[in-house]
file target_7.cif (mmCIF, C-alpha atoms)
data_upload
#
loop_
_atom_site.label_atom_id
_atom_site.label_comp_id
_atom_site.auth_asym_id
_atom_site.auth_seq_id
_atom_site.Cartn_x
_atom_site.Cartn_y
_atom_site.Cartn_z
CA MET Q 333 -51.24 -31.28 -21.15
CA VAL Q 334 -49.10 -32.29 -18.19
CA THR Q 335 -46.05 -32.59 -20.41
CA SER Q 336 -46.61 -29.14 -21.88
CA ASP Q 337 -46.83 -27.60 -18.37
CA ILE Q 338 -43.57 -29.26 -17.41
CA ASP Q 339 -41.95 -28.18 -20.65
CA ARG Q 340 -43.12 -24.63 -20.08
CA LEU Q 341 -41.64 -24.66 -16.58
CA ILE Q 342 -38.35 -26.06 -17.88
CA THR Q 343 -38.24 -23.42 -20.63
CA LEU Q 344 -38.86 -20.62 -18.13
CA LEU Q 345 -36.33 -21.89 -15.59
CA ALA Q 346 -33.71 -22.31 -18.32
CA LYS Q 347 -33.90 -18.56 -18.88
CA LEU Q 348 -32.50 -17.89 -15.39
CA PRO Q 349 -28.81 -16.96 -15.16
CA GLY Q 350 -26.63 -20.02 -14.51
CA LEU Q 351 -29.26 -22.50 -15.68
CA GLY Q 352 -29.41 -24.28 -19.02
CA PRO Q 353 -32.05 -26.74 -20.26
CA ARG Q 354 -30.39 -29.71 -18.51
CA SER Q 355 -30.08 -28.05 -15.11
CA ALA Q 356 -33.58 -26.57 -15.51
CA ARG Q 357 -34.91 -30.11 -16.06
CA ARG Q 358 -33.16 -31.29 -12.89
CA ALA Q 359 -34.57 -28.33 -10.95
CA VAL Q 360 -38.10 -29.07 -12.19
CA LEU Q 361 -37.79 -32.74 -11.19
CA TYR Q 362 -36.53 -31.66 -7.77
CA LEU Q 363 -39.44 -29.24 -7.37
CA MET Q 364 -42.02 -31.84 -8.43
CA LYS Q 365 -40.70 -34.35 -5.91
CA ARG Q 366 -41.09 -31.71 -3.19
CA SER Q 367 -44.37 -30.24 -4.31
CA ASP Q 368 -45.80 -29.51 -0.84
CA SER Q 369 -42.67 -28.36 0.88
CA LEU Q 370 -41.04 -26.39 -1.92
CA MET Q 371 -42.94 -26.03 -5.19
CA GLU Q 372 -46.21 -24.63 -3.85
CA PRO Q 373 -44.60 -22.20 -1.37
CA MET Q 374 -42.27 -21.08 -4.14
CA ALA Q 375 -45.19 -20.54 -6.53
CA ARG Q 376 -47.00 -18.50 -3.88
CA ALA Q 377 -43.84 -16.50 -3.13
CA LEU Q 378 -43.30 -15.79 -6.84
CA ASP Q 379 -46.93 -14.78 -7.21
CA ALA Q 380 -46.75 -12.43 -4.23
CA ALA Q 381 -43.44 -10.95 -5.37
CA ALA Q 382 -44.75 -10.33 -8.88
CA ALA Q 383 -47.85 -8.63 -7.47
CA ASN Q 384 -46.21 -6.55 -4.74
CA ILE Q 385 -42.67 -5.61 -5.71
CA LYS Q 386 -42.38 -2.09 -7.05
CA THR Q 387 -39.57 0.20 -8.13
CA CYS Q 388 -39.12 3.04 -5.64
CA ALA Q 389 -40.00 6.30 -7.39
CA ILE Q 390 -37.32 8.16 -5.39
CA CYS Q 391 -34.22 5.96 -5.50
CA GLY Q 392 -35.01 3.13 -7.95
CA ASN Q 393 -34.64 0.37 -5.34
CA LEU Q 394 -36.92 -2.68 -5.48
CA ASP Q 395 -39.25 -3.07 -2.53
CA THR Q 396 -42.82 -3.94 -1.67
CA ARG Q 397 -43.39 -0.29 -0.75
CA ASP Q 398 -43.08 2.87 -2.77
CA PRO Q 399 -41.19 4.89 -1.50
CA CYS Q 400 -38.99 2.04 -0.31
CA GLU Q 401 -38.03 1.15 3.25
CA ILE Q 402 -34.63 2.86 2.91
CA CYS Q 403 -36.08 6.14 1.63
CA THR Q 404 -38.68 6.28 4.43
CA ASP Q 405 -36.30 5.29 7.26
CA ASP Q 406 -35.93 8.37 9.53
CA ARG Q 407 -32.79 6.95 11.14
CA ARG Q 408 -30.91 7.24 7.85
CA ASP Q 409 -28.97 10.33 6.88
CA ALA Q 410 -30.81 11.99 4.00
CA ALA Q 411 -27.88 14.37 3.47
CA GLN Q 412 -25.82 11.56 1.92
CA ILE Q 413 -26.80 9.89 -1.35
CA CYS Q 414 -24.83 6.91 -2.59
CA VAL Q 415 -25.17 6.46 -6.37
CA VAL Q 416 -24.97 2.85 -7.59
CA GLU Q 417 -25.37 1.21 -10.99
CA ASP Q 418 -27.87 -1.51 -10.11
CA VAL Q 419 -30.05 -2.75 -7.30
CA ALA Q 420 -27.55 -5.60 -6.78
CA ASP Q 421 -24.90 -2.99 -5.89
CA LEU Q 422 -27.30 -1.37 -3.41
CA TRP Q 423 -27.89 -4.74 -1.78
CA ALA Q 424 -24.12 -5.38 -1.65
CA LEU Q 425 -23.56 -2.08 0.18
CA GLU Q 426 -26.48 -2.77 2.52
CA ARG Q 427 -24.94 -6.15 3.44
CA THR Q 428 -21.86 -4.31 4.75
CA ALA Q 429 -24.04 -2.15 7.05
CA GLY Q 430 -21.31 0.46 6.64
CA PHE Q 431 -23.44 3.14 5.03
CA LYS Q 432 -26.47 4.74 6.68
CA GLY Q 433 -27.45 7.27 4.06
CA HIS Q 434 -29.81 7.11 1.11
CA TYR Q 435 -29.22 5.57 -2.31
CA HIS Q 436 -29.87 6.34 -5.94
CA VAL Q 437 -29.93 3.50 -8.49
CA LEU Q 438 -28.90 4.61 -11.98
CA GLY Q 439 -30.05 1.51 -13.82
CA GLY Q 440 -26.78 1.01 -15.75
CA THR Q 441 -23.84 3.01 -17.05
CA LEU Q 442 -23.18 5.22 -20.03
CA SER Q 443 -22.14 2.98 -22.89
CA ALA Q 444 -21.45 4.21 -26.39
CA LEU Q 445 -21.52 0.72 -27.85
CA ASP Q 446 -24.83 -0.25 -26.28
CA GLY Q 447 -26.31 3.17 -27.01
CA VAL Q 448 -26.94 4.03 -23.35
CA THR Q 449 -27.13 7.82 -23.06
CA PRO Q 450 -27.54 10.00 -19.94
CA GLU Q 451 -31.27 10.21 -20.72
CA ASP Q 452 -31.57 6.43 -20.40
CA LEU Q 453 -30.24 6.50 -16.83
CA ARG Q 454 -31.89 7.97 -13.74
CA ILE Q 455 -29.55 10.99 -13.71
CA PRO Q 456 -32.30 13.65 -14.02
CA GLY Q 457 -33.97 12.10 -10.95
CA LEU Q 458 -30.71 12.43 -9.01
CA CYS Q 459 -30.38 16.09 -10.05
CA SER Q 460 -33.97 16.74 -8.91
CA ARG Q 461 -33.22 15.20 -5.50
CA ILE Q 462 -30.15 17.42 -5.10
CA GLN Q 463 -32.01 20.51 -6.24
CA ALA Q 464 -34.78 19.84 -3.74
CA GLY Q 465 -32.17 20.61 -1.06
CA GLY Q 466 -30.85 18.89 2.03
CA VAL Q 467 -28.19 16.82 0.22
CA LYS Q 468 -24.63 17.52 1.40
CA GLU Q 469 -22.69 14.64 -0.16
CA VAL Q 470 -23.10 12.48 -3.25
CA ILE Q 471 -21.00 9.29 -3.13
CA LEU Q 472 -20.42 7.84 -6.59
CA ALA Q 473 -20.18 4.08 -6.07
CA THR Q 474 -20.11 3.00 -9.70
CA ASN Q 475 -17.99 0.02 -10.73
CA ALA Q 476 -14.24 0.46 -11.29
CA THR Q 477 -14.64 -0.08 -15.03
CA VAL Q 478 -14.11 2.38 -17.88
CA ASP Q 479 -17.89 2.75 -18.35
CA GLY Q 480 -18.50 2.96 -14.60
CA GLN Q 481 -15.91 5.68 -14.04
CA THR Q 482 -16.93 7.59 -17.18
CA THR Q 483 -20.46 7.65 -15.78
CA ALA Q 484 -19.15 8.80 -12.38
CA HIS Q 485 -17.23 11.71 -13.93
CA TYR Q 486 -20.27 12.66 -16.01
CA ILE Q 487 -22.48 12.74 -12.91
CA ALA Q 488 -19.82 14.72 -11.00
CA ASP Q 489 -19.89 17.36 -13.76
CA ARG Q 490 -23.70 17.44 -13.78
CA VAL Q 491 -23.85 17.85 -9.97
CA ALA Q 492 -21.21 20.61 -10.09
CA GLY Q 493 -23.31 22.34 -12.76
CA LEU Q 494 -26.30 22.49 -10.42
CA GLY Q 495 -24.50 25.15 -8.38
CA LYS Q 496 -25.41 23.55 -5.06
CA ASP Q 497 -22.95 23.22 -2.18
CA VAL Q 498 -22.63 19.44 -2.50
CA VAL Q 499 -19.48 17.37 -1.98
CA VAL Q 500 -19.03 14.71 -4.67
CA SER Q 501 -16.87 11.76 -3.63
CA GLY Q 502 -16.03 8.38 -5.13
CA LEU Q 503 -15.11 4.98 -3.73
CA ALA Q 504 -11.41 4.24 -3.27
CA HIS Q 505 -9.72 1.86 -5.72
CA GLY Q 506 -6.94 -0.44 -4.60
CA VAL Q 507 -5.84 -3.42 -2.55
CA PRO Q 508 -8.80 -5.44 -1.20
CA VAL Q 509 -8.91 -6.54 2.43
CA GLY Q 510 -6.89 -9.75 2.67
CA GLY Q 511 -5.31 -9.16 -0.72
CA GLU Q 512 -1.67 -10.06 -1.32
CA LEU Q 513 0.23 -7.78 -3.69
CA ASP Q 514 1.85 -10.71 -5.48
CA TYR Q 515 -1.56 -11.99 -6.60
CA LEU Q 516 -3.13 -8.67 -7.60
CA ASP Q 517 -3.55 -7.68 -11.24
CA ASP Q 518 -1.51 -4.81 -12.65
CA GLY Q 519 -4.50 -2.48 -12.97
CA THR Q 520 -5.48 -2.79 -9.32
CA LEU Q 521 -1.87 -2.25 -8.20
CA THR Q 522 -1.54 0.82 -10.42
CA ALA Q 523 -4.79 2.27 -9.03
CA ALA Q 524 -3.70 1.48 -5.47
CA MET Q 525 -0.33 3.17 -5.95
CA LYS Q 526 -2.01 6.24 -7.45
CA ALA Q 527 -4.51 6.43 -4.58
CA ARG Q 528 -1.91 6.03 -1.80
CA ARG Q 529 -2.44 8.16 1.31
CA PRO Q 530 -0.39 9.27 4.30
CA LEU Q 531 -0.65 6.95 7.28
CA SER Q 532 0.22 9.47 9.97
CA MET M 699 -6.32 -21.47 -38.40
CA GLU M 700 -4.49 -19.78 -35.54
CA TRP M 701 -2.63 -16.57 -34.96
CA HIS M 702 -0.92 -14.81 -32.08
CA ASP M 703 -0.60 -11.06 -31.70
CA LYS M 704 -1.02 -8.29 -29.19
CA GLY M 705 -3.63 -5.58 -29.35
CA TYR M 706 -5.66 -2.87 -27.64
CA ILE M 707 -9.21 -3.76 -26.69
CA LEU M 708 -11.56 -1.36 -28.49
CA ALA M 709 -14.97 -2.68 -27.54
CA THR M 710 -16.62 -5.61 -25.83
CA ARG M 711 -20.12 -6.96 -26.15
CA LYS M 712 -21.69 -9.59 -23.94
CA HIS M 713 -22.59 -12.84 -25.67
CA GLY M 714 -24.84 -15.24 -23.83
CA GLU M 715 -24.37 -15.54 -20.10
CA SER M 716 -20.64 -15.37 -19.62
CA ALA M 717 -18.90 -14.90 -22.96
CA LEU M 718 -17.71 -11.62 -24.49
CA ILE M 719 -17.23 -10.68 -28.12
CA VAL M 720 -14.03 -8.66 -28.06
CA SER M 721 -12.93 -6.26 -30.76
CA ALA M 722 -9.22 -5.36 -30.62
CA LEU M 723 -6.76 -3.37 -32.70
CA THR M 724 -3.85 -5.74 -33.23
CA GLN M 725 -0.31 -4.76 -34.00
CA THR M 726 -0.04 -6.57 -37.34
CA ARG M 727 -3.55 -7.71 -38.33
CA GLY M 728 -5.65 -4.57 -37.96
CA ARG M 729 -8.94 -4.78 -36.11
CA GLN M 730 -9.96 -8.29 -35.20
CA THR M 731 -12.83 -9.79 -33.24
CA GLY M 732 -13.19 -13.01 -31.34
CA LEU M 733 -15.20 -14.73 -28.66
CA VAL M 734 -13.67 -14.90 -25.20
CA ARG M 735 -15.35 -17.69 -23.25
CA GLY M 736 -15.95 -16.66 -19.66
CA GLY M 737 -14.95 -13.09 -20.57
CA ALA M 738 -17.94 -11.58 -18.77
CA GLY M 739 -17.20 -13.63 -15.66
CA ARG M 740 -15.67 -12.30 -12.47
CA ARG M 741 -12.15 -13.60 -13.16
CA LYS M 742 -11.65 -12.33 -16.69
CA ARG M 743 -13.85 -9.22 -16.78
CA GLY M 744 -11.25 -6.88 -15.25
CA GLY M 745 -8.62 -7.76 -17.82
CA LEU M 746 -10.95 -7.10 -20.73
CA GLN M 747 -11.56 -3.42 -20.11
CA VAL M 748 -11.57 -1.07 -23.09
CA GLY M 749 -8.05 0.29 -23.71
CA ASN M 750 -6.18 -2.64 -22.16
CA LEU M 751 -3.20 -4.01 -24.09
CA VAL M 752 -3.48 -7.79 -24.20
CA THR M 753 -1.90 -10.75 -25.92
CA LEU M 754 -4.38 -12.38 -28.30
CA ASP M 755 -4.43 -16.03 -29.31
CA TRP M 756 -7.08 -16.48 -31.99
CA ARG M 757 -8.33 -19.84 -33.17
CA GLY M 758 -10.98 -20.52 -35.81
CA ARG M 759 -11.68 -22.75 -38.78
CA LEU M 760 -11.68 -19.95 -41.36
CA PRO M 761 -10.32 -16.38 -41.11
CA GLU M 762 -13.78 -14.91 -41.68
CA HIS M 763 -15.25 -16.84 -38.74
CA LEU M 764 -15.66 -15.16 -35.37
CA GLY M 765 -13.12 -17.51 -33.79
CA SER M 766 -12.31 -17.92 -30.14
CA LEU M 767 -9.81 -15.71 -28.37
CA THR M 768 -7.70 -16.22 -25.30
CA THR M 769 -6.14 -13.13 -23.84
CA GLU M 770 -3.58 -12.14 -21.24
CA VAL M 771 -3.23 -8.62 -19.90
CA LEU M 772 -0.03 -6.72 -20.71
CA GLU M 773 -0.94 -3.12 -19.83
CA THR M 774 -3.96 -1.46 -18.25
CA PRO M 775 -3.95 2.25 -19.18
CA ALA M 776 -7.46 2.83 -17.81
CA ALA M 777 -6.41 1.79 -14.30
CA ALA M 778 -4.21 4.87 -13.98
CA LEU M 779 -7.01 7.12 -15.25
CA MET M 780 -9.81 6.30 -12.83
CA ASN M 781 -9.50 9.78 -11.27
CA CYS M 782 -8.58 11.57 -14.50
CA PRO M 783 -11.86 12.43 -16.28
CA ASP M 784 -10.25 14.01 -19.37
CA GLY M 785 -7.89 11.06 -19.86
CA LEU M 786 -10.67 8.52 -19.38
CA ALA M 787 -12.92 10.39 -21.82
CA ALA M 788 -10.09 10.55 -24.38
CA LEU M 789 -9.38 6.83 -23.98
CA SER M 790 -13.05 5.94 -24.50
CA ALA M 791 -13.31 8.29 -27.47
CA ALA M 792 -10.12 6.96 -29.13
CA CYS M 793 -11.32 3.38 -28.78
CA ALA M 794 -14.81 4.23 -30.08
CA VAL M 795 -13.40 6.15 -33.08
CA THR M 796 -10.97 3.34 -33.95
CA GLU M 797 -13.70 0.74 -33.60
CA ALA M 798 -16.06 2.73 -35.84
CA LEU M 799 -13.47 3.65 -38.47
CA LEU M 800 -11.50 0.52 -39.14
CA PRO M 801 -12.88 -2.36 -41.13
CA GLU M 802 -12.03 -5.80 -39.80
CA GLY M 803 -8.73 -7.29 -40.89
CA GLU M 804 -7.27 -4.17 -42.55
CA ASP M 805 -3.71 -3.74 -41.33
CA HIS M 806 -2.90 -0.30 -39.87
CA PRO M 807 0.26 -0.50 -37.76
CA ALA M 808 0.52 3.31 -37.75
CA ILE M 809 -2.85 3.60 -35.98
CA PHE M 810 -1.79 0.92 -33.48
CA HIS M 811 1.42 2.80 -32.65
CA GLY M 812 -0.46 6.12 -32.60
CA LEU M 813 -2.92 4.67 -30.11
CA ALA M 814 -0.02 3.42 -27.97
CA ALA M 815 1.55 6.90 -28.02
CA LEU M 816 -1.79 8.54 -27.13
CA PHE M 817 -2.39 6.14 -24.22
CA GLY M 818 1.06 7.07 -22.91
CA VAL M 819 0.06 10.73 -22.43
CA LEU M 820 -3.55 10.41 -21.29
CA ASP M 821 -2.82 11.63 -17.77
CA ASP M 822 -0.94 14.71 -19.05
CA ALA M 823 -2.44 18.19 -18.94
CA ASP M 824 -2.25 18.39 -22.74
CA VAL M 825 -4.41 15.35 -23.37
CA GLY M 826 -6.84 17.40 -25.50
CA SER M 827 -4.12 18.48 -27.94
CA ALA M 828 -2.66 14.97 -28.06
CA TYR M 829 -6.08 13.54 -28.83
CA VAL M 830 -6.74 15.99 -31.69
CA LYS M 831 -3.30 15.27 -33.17
CA TRP M 832 -4.00 11.54 -32.92
CA GLU M 833 -7.26 12.01 -34.87
CA MET M 834 -5.35 14.02 -37.48
CA GLY M 835 -2.95 11.12 -37.80
CA VAL M 836 -5.81 8.62 -38.13
CA LEU M 837 -7.43 10.72 -40.87
CA GLY M 838 -4.09 10.84 -42.69
CA GLU M 839 -3.57 7.09 -42.38
CA LEU M 840 -7.04 6.43 -43.82
CA GLY M 841 -6.46 8.73 -46.80
CA PHE M 842 -8.38 11.78 -45.55
CA GLY M 843 -5.34 13.74 -44.36
CA LEU M 844 -5.52 17.52 -44.09
CA ASP M 845 -2.99 19.61 -45.98
CA LEU M 846 -1.97 22.41 -43.64
CA ALA M 847 1.34 23.32 -45.29
CA ALA M 848 0.17 26.33 -47.31
CA CYS M 849 -2.93 28.39 -48.15
CA ALA M 850 -5.03 26.70 -50.82
CA ALA M 851 -5.91 30.07 -52.37
CA THR M 852 -2.70 32.12 -52.19
CA GLY M 853 0.07 29.64 -51.39
CA GLU M 854 0.95 31.63 -48.27
CA THR M 855 2.56 29.68 -45.47
CA GLU M 856 1.93 32.27 -42.73
CA ASN M 857 -1.28 33.28 -40.92
CA LEU M 858 -3.10 30.04 -41.70
CA THR M 859 -6.31 30.21 -39.67
CA TYR M 860 -8.92 28.25 -41.60
CA VAL M 861 -9.42 24.87 -43.27
CA SER M 862 -11.64 24.40 -46.29
CA PRO M 863 -14.31 21.76 -45.56
CA LYS M 864 -14.34 20.83 -49.24
CA THR M 865 -10.64 20.24 -49.85
CA GLY M 866 -9.19 19.79 -46.35
CA ARG M 867 -6.52 22.37 -47.18
CA ALA M 868 -5.46 25.33 -45.06
CA VAL M 869 -6.64 28.86 -45.89
CA SER M 870 -4.90 32.03 -44.74
CA ALA M 871 -6.67 34.64 -42.61
CA ALA M 872 -6.79 37.19 -45.44
CA ALA M 873 -8.01 34.78 -48.11
CA GLY M 874 -10.56 33.18 -45.84
CA LYS M 875 -12.07 36.33 -44.32
CA PRO M 876 -14.90 36.69 -46.87
CA TYR M 877 -15.88 33.03 -46.29
CA HIS M 878 -15.44 33.07 -42.50
CA GLY M 879 -18.80 31.43 -41.79
CA ARG M 880 -18.23 28.57 -44.22
CA LEU M 881 -14.67 27.63 -43.27
CA LEU M 882 -13.49 25.54 -40.34
CA ALA M 883 -11.25 27.17 -37.73
CA LEU M 884 -7.64 25.94 -37.70
CA PRO M 885 -6.18 26.08 -34.18
CA ALA M 886 -2.54 27.20 -34.06
CA PHE M 887 -1.31 24.14 -32.17
CA LEU M 888 -1.99 21.93 -35.21
CA LEU M 889 0.60 23.88 -37.21
CA GLY M 890 3.47 23.25 -34.81
CA ALA M 891 4.73 20.86 -32.19
CA GLY M 892 3.21 22.70 -29.22
CA ALA M 893 0.01 22.08 -27.29
CA ALA M 894 -3.25 24.03 -27.26
CA GLU M 895 -3.09 27.06 -25.00
CA THR M 896 -6.80 27.13 -24.22
CA PRO M 897 -9.66 24.57 -24.12
CA ALA M 898 -11.29 26.62 -26.91
CA GLU M 899 -8.41 25.65 -29.22
CA VAL M 900 -8.95 21.98 -28.37
CA VAL M 901 -12.66 22.35 -29.17
CA ASP M 902 -11.77 23.97 -32.53
CA GLY M 903 -9.43 21.06 -33.22
CA LEU M 904 -12.10 18.50 -32.29
CA LYS M 905 -14.64 20.27 -34.52
CA LEU M 906 -12.14 20.24 -37.38
CA THR M 907 -11.26 16.55 -37.14
CA GLY M 908 -14.86 15.69 -36.24
CA TYR M 909 -16.10 17.25 -39.47
CA PHE M 910 -13.80 15.14 -41.64
CA LEU M 911 -14.40 12.02 -39.56
CA GLU M 912 -18.17 12.31 -39.88
CA SER M 913 -18.49 13.53 -43.45
CA HIS M 914 -15.65 11.56 -45.06
CA ALA M 915 -14.18 8.73 -43.01
CA LEU M 916 -17.39 7.55 -41.34
CA GLU M 917 -19.85 8.62 -44.06
CA GLY M 918 -22.88 9.06 -41.84
CA ARG M 919 -22.07 6.39 -39.25
CA ALA M 920 -21.31 9.09 -36.67
CA GLY M 921 -24.17 7.95 -34.46
CA ARG M 922 -21.76 5.42 -32.99
CA LEU M 923 -19.46 8.12 -31.58
CA ALA M 924 -21.27 9.07 -28.37
CA ALA M 925 -18.01 8.66 -26.42
CA ARG M 926 -16.34 11.26 -28.65
CA ASP M 927 -19.30 13.62 -28.21
CA ARG M 928 -18.80 13.42 -24.44
CA LEU M 929 -15.11 14.35 -24.85
CA VAL M 930 -16.13 17.39 -26.93
CA GLU M 931 -18.68 18.34 -24.24
CA ARG M 932 -15.98 18.14 -21.55
CA PHE M 933 -13.75 20.62 -23.34
CA GLN M 934 -16.68 22.84 -24.35
CA ALA M 935 -17.64 23.12 -20.68
CA LYS M 936 -14.13 24.38 -19.88
CA LYS M 937 -14.22 27.18 -22.49
#
call {"tool": "encode", "arguments": {"input": "target_7.cif", "output": "structure tokens"}}
result
Amino acid sequence: MVTSDIDRLITLLAKLPGLGPRSARRAVLYLMKRSDSLMEPMARALDAAAANIKTCAICGNLDTRDPCEICTDDRRDAAQICVVEDVADLWALERTAGFKGHYHVLGGTLSALDGVTPEDLRIPGLCSRIQAGGVKEVILATNATVDGQTTAHYIADRVAGLGKDVVVSGLAHGVPVGGELDYLDDGTLTAAMKARRPLS
Amino acid sequence: MEWHDKGYILATRKHGESALIVSALTQTRGRQTGLVRGGAGRRKRGGLQVGNLVTLDWRGRLPEHLGSLTTEVLETPAAALMNCPDGLAALSAACAVTEALLPEGEDHPAIFHGLAALFGVLDDADVGSAYVKWEMGVLGELGFGLDLAACAATGETENLTYVSPKTGRAVSAAAGKPYHGRLLALPAFLLGAGAAETPAEVVDGLKLTGYFLESHALEGRAGRLAARDRLVERFQAKK
């Protein structure tokens, strides 16, 4: 019985990204040796997270509240919506503390190969938010990949088709902070050269 | 077994946690697939974007095995198209069509060079015309070429405005008038070296090549061409 519980835990942990059966076994041993200080609090935290975490009906963020903390924060600018592919991208932007507007999580990108169509993403929800009024700018912060930019252009067309006075912008592509030209890949350099801007 | 070539990445599919199964159109070996270890990781992901020209080093025990690939980026056409929606849509559509049409290992250097030529003009204003002409070339290379030299009914070489969906041959305006609803429109730019004058002509061209792609070359596998459908939608919206 004990062995089957441990095996079950190892099997479940091995499904996490970055962990295989060997590392899952090590993690389980580590947890069992620290049952009071780590395993039980972790079990309680997992239990609470599974019970309380919800997907925000407005933006698609994960939070213990629905609508989420970001959507209900009065200090944020509701006139700006930043569209991201996944919750991880939202969290990355929040870490920068450089954006104080609202978000919209698409849940992926258009992908012909994987059969992801506009209906599979949260694009209708975004259109409804814009049509409800009050939105002045939509910032398309999808990844700088072919699928990401294809999705961004598709959304830009859909927003333009709504007939609302909304500015649609996208993130800049180019040289990262601290980047040295010699070490950059050709694609990034090409994008940076295309997106050059006057300095004065 | 090993081989070395260069090719355009047509499609990628994640395999496991960090590997990618890459499908590429090579210069001398047709479409080939292989497993790129770490291809979905942060370091390699950027170089394995659809449309990129890469060197390919394939290694496997037998030619029919998946084999492992190592790649190095040579050109990144998509990078220059991030703010060019038509070009990006055409690039995605061309890769999706090539991926869907070509069987693995069938050598088609003409399609490789056609793709290279198309990728060279993706940021031009005439990308729609270039794309339609590329599809015409692909149909021809695969044995489904359209005969637009003369009218199938009268032999006329002037006023060709239709294409017969049955034969793929041009039909003149006069001969085709009674069958207007059943014939496909032939845009004028496909008869000469010029470009389409209006987005409507591009849409006619896409409908024409799309018909023969779906009914002949793909034989009902058109469900895989969502990227091409989005290109058609783009030009339809401009009409």
call {"tool": "resolve_selection", "arguments": {"input": "target_7.cif", "expression": "the PyMOL selection byres ((chain Q) within 10 of (chain M))", "output": "VMD selection string"}}
result
chain Q and resid 348 to 351 442 to 449 476 to 486 488 to 489 493 502 504 to 506 517 to 527
call {"tool": "resolve_selection", "arguments": {"input": "target_7.cif", "expression": "the PyMOL selection byres ((chain M and resi 754) around 12)", "output": "ChimeraX atom specification"}}
result
/M:700-707,720-727,729-734,746,750-753,755-757,765-772
call {"tool": "atom_distance", "arguments": {"input": "target_7.cif", "atom1": "CA of Gly785 in chain M", "atom2": "CA of Leu820 in chain M"}}
result
4.6 Å
call {"tool": "residues_near_point", "arguments": {"input": "target_7.cif", "point": "(-29.5, 14.0, -1.8)", "cutoff": "10 Å", "atoms": "all atoms listed in the file", "output": "compact mmCIF listing (two decimals) with C-alpha atoms, keeping the file's coordinate frame"}}
result
# COMPACT_ATOMS: atom_id res chain seq x y z
CA ASP Q 409 -28.97 10.33 6.88
CA ALA Q 410 -30.81 11.99 4.00
CA ALA Q 411 -27.88 14.37 3.47
CA GLN Q 412 -25.82 11.56 1.92
CA ILE Q 413 -26.80 9.89 -1.35
CA CYS Q 414 -24.83 6.91 -2.59
CA VAL Q 415 -25.17 6.46 -6.37
CA GLY Q 433 -27.45 7.27 4.06
CA HIS Q 434 -29.81 7.11 1.11
CA TYR Q 435 -29.22 5.57 -2.31
CA HIS Q 436 -29.87 6.34 -5.94
CA LEU Q 458 -30.71 12.43 -9.01
CA CYS Q 459 -30.38 16.09 -10.05
CA SER Q 460 -33.97 16.74 -8.91
CA ARG Q 461 -33.22 15.20 -5.50
CA ILE Q 462 -30.15 17.42 -5.10
CA GLN Q 463 -32.01 20.51 -6.24
CA ALA Q 464 -34.78 19.84 -3.74
CA GLY Q 465 -32.17 20.61 -1.06
CA GLY Q 466 -30.85 18.89 2.03
CA VAL Q 467 -28.19 16.82 0.22
CA LYS Q 468 -24.63 17.52 1.40
CA GLU Q 469 -22.69 14.64 -0.16
CA VAL Q 470 -23.10 12.48 -3.25
CA ILE Q 471 -21.00 9.29 -3.13
CA VAL Q 498 -22.63 19.44 -2.50
call {"tool": "atom_distance", "arguments": {"input": "target_7.cif", "atom1": "CA of Leu425 in chain Q", "atom2": "CA of Ile385 in chain Q"}}
result
20.3 Å
call {"tool": "resolve_selection", "arguments": {"input": "target_7.cif", "expression": "the PyMOL selection byres ((chain M and resi 937) around 7)", "output": "compact mmCIF listing (two decimals) with C-alpha atoms, in the frame of the given file"}}
result
# COMPACT_ATOMS: atom_id res chain seq x y z
CA PRO M 897 -9.66 24.57 -24.12
CA ALA M 898 -11.29 26.62 -26.91
CA PHE M 933 -13.75 20.62 -23.34
CA GLN M 934 -16.68 22.84 -24.35
CA ALA M 935 -17.64 23.12 -20.68
CA LYS M 936 -14.13 24.38 -19.88
call {"tool": "atom_distance", "arguments": {"input": "target_7.cif", "atom1": "CA of Tyr877 in chain M", "atom2": "CA of Pro863 in chain M"}}
result
11.4 Å
call {"tool": "decode", "arguments": {"input": "target_7.cif", "residues": "range 804-811 of chain M", "atoms": "N, CA and C atoms", "output": "PDB file, in the first residue's frame"}}
result
ATOM      1  N   GLU M 804      10.108  12.851 -52.005  1.00  0.00           N
ATOM      2  CA  GLU M 804       9.949  13.014 -53.455  1.00  0.00           C
ATOM      3  C   GLU M 804      10.638  14.316 -53.870  1.00  0.00           C
ATOM      4  N   ASP M 805      11.627  14.191 -54.727  1.00  0.00           N
ATOM      5  CA  ASP M 805      12.477  15.327 -55.075  1.00  0.00           C
ATOM      6  C   ASP M 805      11.753  16.319 -55.977  1.00  0.00           C
ATOM      7  N   HIS M 806      11.677  17.585 -55.559  1.00  0.00           N
ATOM      8  CA  HIS M 806      11.055  18.634 -56.366  1.00  0.00           C
ATOM      9  C   HIS M 806      11.884  19.905 -56.283  1.00  0.00           C
ATOM     10  N   PRO M 807      13.039  19.932 -56.971  1.00  0.00           N
ATOM     11  CA  PRO M 807      13.872  21.141 -56.890  1.00  0.00           C
ATOM     12  C   PRO M 807      13.156  22.388 -57.404  1.00  0.00           C
ATOM     13  N   ALA M 808      12.236  22.214 -58.373  1.00  0.00           N
ATOM     14  CA  ALA M 808      11.533  23.380 -58.920  1.00  0.00           C
ATOM     15  C   ALA M 808      10.675  24.042 -57.841  1.00  0.00           C
ATOM     16  N   ILE M 809      10.058  23.232 -56.977  1.00  0.00           N
ATOM     17  CA  ILE M 809       9.230  23.809 -55.912  1.00  0.00           C
ATOM     18  C   ILE M 809      10.122  24.496 -54.881  1.00  0.00           C
ATOM     19  N   PHE M 810      11.288  23.920 -54.614  1.00  0.00           N
ATOM     20  CA  PHE M 810      12.236  24.546 -53.685  1.00  0.00           C
ATOM     21  C   PHE M 810      12.638  25.927 -54.218  1.00  0.00           C
ATOM     22  N   HIS M 811      13.024  25.991 -55.493  1.00  0.00           N
ATOM     23  CA  HIS M 811      13.474  27.270 -56.052  1.00  0.00           C
ATOM     24  C   HIS M 811      12.301  28.252 -56.182  1.00  0.00           C
TER      25      HIS M 811
END
